[in-house]
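What follows is a set of notes on a single structure, which appears directly below.
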Amino acid sequence: MKIKYKLYIGSLLLAINFLFAGVCIWRFPDKDIQTLFSKATGYKTEVLTYSKPERVKIESLLGAKLDDDETQFNFYRIYKDTTKIGLVLTHSVKGQYGAIEVVVGLGSKFDSATKSNKVFIKNLLIQRDREVKSKDLRSSKFLDQFIGKTVKSKFDNITLVSGAEKSTQAIIFSVRKLLIVQKVLDQERVKQNK
Amino acid sequence: MNFFKLAFKNLLRRKIRTILTIQGIAIAIFVLFSLLSFQNGYKNSLTREMNDLGINILAVPKGCPYEAASLIVHGGVIPKYLDEVDLKQISQIDGIELATPIFLSQIYEKDQERTSIIYGIIPQEYTKVKPGWKLNGQYFNIDDTAAIIIGNEVAYQEKLGVGDEVYFPSVGKIYKVFGVLERTGGQDDGFYFLPLAEAQRIFDKIGKITAVAIKIKDLTKIGDISKKLEEIPDIQVVTMAQVLGTILNLVGSARTLIFSVVLIALIIGTLGIVNTMFVTIYERRREIGIFKAIGAGNFDVVKLIILETLIIAIIGGIEGSVLSFAGGRLVESFVRGVIPYAPKRMLFTFQFANVGIAIAYSVIIGVLAAIFPSIKAASLSPLETIRKEE
């Protein structure tokens, strides 16, 4: 009885804490969902947190530490009626002149070689930035280079935006981070559950 | 005989009913406790925010002075301006320690739905009315044209630090971050501070001022100085004490209404216990009869019923207090959206005295709710109850 009570209070306090943890919110879902998944009829938000080993794995794959306020990630599951058709992840990263907020639309297809679903970038958007070269960074010429990339892809073939190299690298880092987070918190958990 | 044990056992025999009754009390106490915490927290927070403002009087353009003062504290746009000539006249009034101009405007970028609130200040003067400010980095000079100071929340959201650069697309200019304010807990956390002349220039309002922040030498002379200030044409005066009073009055009206709702919730909670106890006594009349037949007196029965009721009420009271403590931030986020003006500091402050009040209320509820059921139980005749059950 006592343990149950402690668990109840603990989970209540934890839930309150999560509500106020620092996350990059998806600012324009109605508008973005049409660009990212034109067939979508709705989405559901799932808040995922990581365990200590998962954090270690994310940081080791990323080659960098997670930010102090990155205690959770919002997974926006995209649906067409009742069928899951994709995933949207958001992230805020330091650019040249302020934060750049990235919105990544992920799709998946069956990979016959590995006999598993391969998650890839379907589309990418910048929802907020303060960049001088904002227009170039938001251009399809730049963003389309990310389409089709997976967690295993190399990003060194991305052509940097001239005059906004630091911001371009920041966006690449942000996209890589989201792909790794998706792999560790989503794909690998599903595999383990199986 | 251990009455406590007996009372607990009796309550545990009807777990669901007991739990539901406790929840009724808990909700009522939760609302009461939250309201008490809000009452203290809001007033303290608001007073501290006004004190931190360091401004005794705000001179604003003619119009609604309270709206203007609120907009300045919040960071809104006032469509009217004072001239720098007005500032000179204000500075000449006796008893004024400092009169510093403020220019306030905002940049709204529609495509990104982003609002940046810009405060144009003379830092060497403005810091005197903001004695609580602590800055990482350095203040800019009045004639700097590409320097900026940012609030702590801005730095966090925009991932900016001292030495970084920030770009305002609609202005088309890059500013170097000279300083980041340490968290003030107030509205300043969300502002961008530019040198006054630069702020006026980017909004094409050279020589225009949104308000004059005034600090006076002797607070007892605030009335006389206000009168002298009002003699200047185009100026309206608002003292920060008036702003504080107006806001507290507004919130006070809402509080009275909420207290009425709490009172109703408490009455409903009490009636819930009375009802539960009556039903319980009805179901246990044979048991009470046997209890009396084996030697228990009327007082023992009364004591048992009062104890059972008190246990329900006190557990409900404690649960309500814990809920209020744990869920305070959730309630706070809701309240912020409803009240006319919410200071940035915590609106709900936890005080042990409030726990005492909440528990005391629970005990009162418990005793009140127990009176009639316990009398009813004590008046049962052992012979009749046993015979009826047969």
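Naming works like this for the structure tokens: A, B, ... for the chains as they're shown, residue 1 at the start of each chain, ligands 1 onward in shown order.
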With a distance cut-off of 8 Å and only C-alpha atoms, select the neighbouring residues of stretch 27-39 of chain A, excluding the residue or stretch itself and same-chain residues fewer than 2 positions from it, and output the selection as an mmCIF file with C-alpha atoms, in the first residue's frame.
data_model
loop_
_atom_site.group_PDB
_atom_site.id
_atom_site.type_symbol
_atom_site.label_atom_id
_atom_site.label_comp_id
_atom_site.auth_asym_id
_atom_site.auth_seq_id
_atom_site.Cartn_x
_atom_site.Cartn_y
_atom_site.Cartn_z
ATOM 1 C CA ILE A 25 7.388 22.892 -29.602
ATOM 2 C CA THR A 41 -5.747 13.428 -41.291
ATOM 3 C CA ILE A 78 1.085 11.230 -38.030
ATOM 4 C CA LYS A 80 -4.173 8.884 -42.075
ATOM 5 C CA GLY A 86 4.868 8.971 -40.356
ATOM 6 C CA GLY A 105 9.054 14.651 -41.205
ATOM 7 C CA LYS A 122 10.549 12.603 -45.965
ATOM 8 C CA ASN A 123 10.750 16.336 -45.682
ATOM 9 C CA LEU A 124 12.339 19.073 -43.628
ATOM 10 C CA LEU A 125 11.205 22.546 -42.581
ATOM 11 C CA GLN A 127 9.889 26.824 -38.427
#
Point to revise | chain A contacts on chain B, only C-alpha atoms, 6 Å, as a list in words | key: Gln112, Glu158, Lys159, Leu160, Glu165, Val166 and Tyr167 of chain B
**Study point:** Residue among B:Phe8, B:Tyr42, B:Tyr192, B:Phe168 lying closest to B:Met346, counting only C-alpha atoms
**Key:**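 For B:Met346, the nearest of the given residues is B:Tyr42.
Among the candidate residues A:Lys118, A:His91, A:Lys135, A:Lys152, the one lying nearest to A:Leu66 is A:His91, with distances computed using only C-alpha atoms.
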Practice item. Determine, counting only C-alpha atoms, which protein, DNA and RNA residues have an atom within 6 Å of an atom of stretch 350-364 of chain B; residues of the same chain fewer than 4 positions away are not included. Present the result as a ChimeraX atom specification. Key: /B:37,313-314,317
**Study point:** B:Ile222 environment, 10 Å, only C-alpha atoms, sequence neighbours closer than 2 positions dropped, as an MDAnalysis selection string
**Key:** chainID B and resid 56:57 95:96 215:220 224:227 239
Check your understanding: What lies within 7 Å of stretch 98-101 of chain B using only C-alpha atoms, ignoring chain neighbours under 4 positions off, as an NGL selection string?
Key -> :B and (91 or 121 or 125-126 or 209 or 211-216)
Check your understanding: Between B:Ile149, B:Ile306, B:Ile206, B:Ile235, which has the minimum distance to B:Pro373 (counting only C-alpha atoms)?
Key ->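 Counting only C-alpha atoms, the residue closest to B:Pro373 is B:Ile306.
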Practice item. Going by DSSP on the backbone, which bits of stretch 7-189 of chain A are helix (DSSP H, G or I)? Write them as a PyMOL selection string, please. Key: chain A and resi 7-19+29-36+52-62+134-138+140-146+165-189
Review point. Suppose you want the space between atom CA of B:Ser379 and atom CA of B:Leu304; what is it in Å?
Key: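 The value is 13.7 Å.
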So that I can check the surroundings of A:Ser51, please list as a PDB file with C-alpha atoms, in the first residue's frame every protein, DNA and RNA residue that reaches within 12 Å of it, counting only C-alpha atoms and ignoring chain neighbours fewer than 5 positions away.
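Contents of around31.pdb, freshly written:
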ATOM      1  CA  VAL A  56      24.719   7.196 -23.297  1.00  0.00           C
ATOM      2  CA  LYS A  57      23.872   5.543 -26.622  1.00  0.00           C
ATOM      3  CA  ILE A  58      22.393   8.726 -28.123  1.00  0.00           C
ATOM      4  CA  THR A  71      15.132  15.718 -20.871  1.00  0.00           C
ATOM      5  CA  GLN A  72      12.388  14.573 -23.206  1.00  0.00           C
ATOM      6  CA  VAL A 184      17.209   4.833 -29.916  1.00  0.00           C
ATOM      7  CA  LEU A 185      13.882   5.825 -28.394  1.00  0.00           C
ATOM      8  CA  ARG A 189      12.426   0.028 -28.209  1.00  0.00           C
TER       9      ARG A 189
END
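Distance-wise, atom CA of A:Trp26 and atom CA of A:Ile85 end up 18.0 Å apart.
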Review point. A:Ser60, A:Asn117, A:Ser174, A:Ser167: which is nearest A:Val103, counting only C-alpha atoms?
Key: A:Ser174
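With only C-alpha atoms as the atoms that count, the minimum distance from B:Ala370 to the choices B:Gly223, B:Gly185, B:Gly328, B:Gly272 is reached by B:Gly272.
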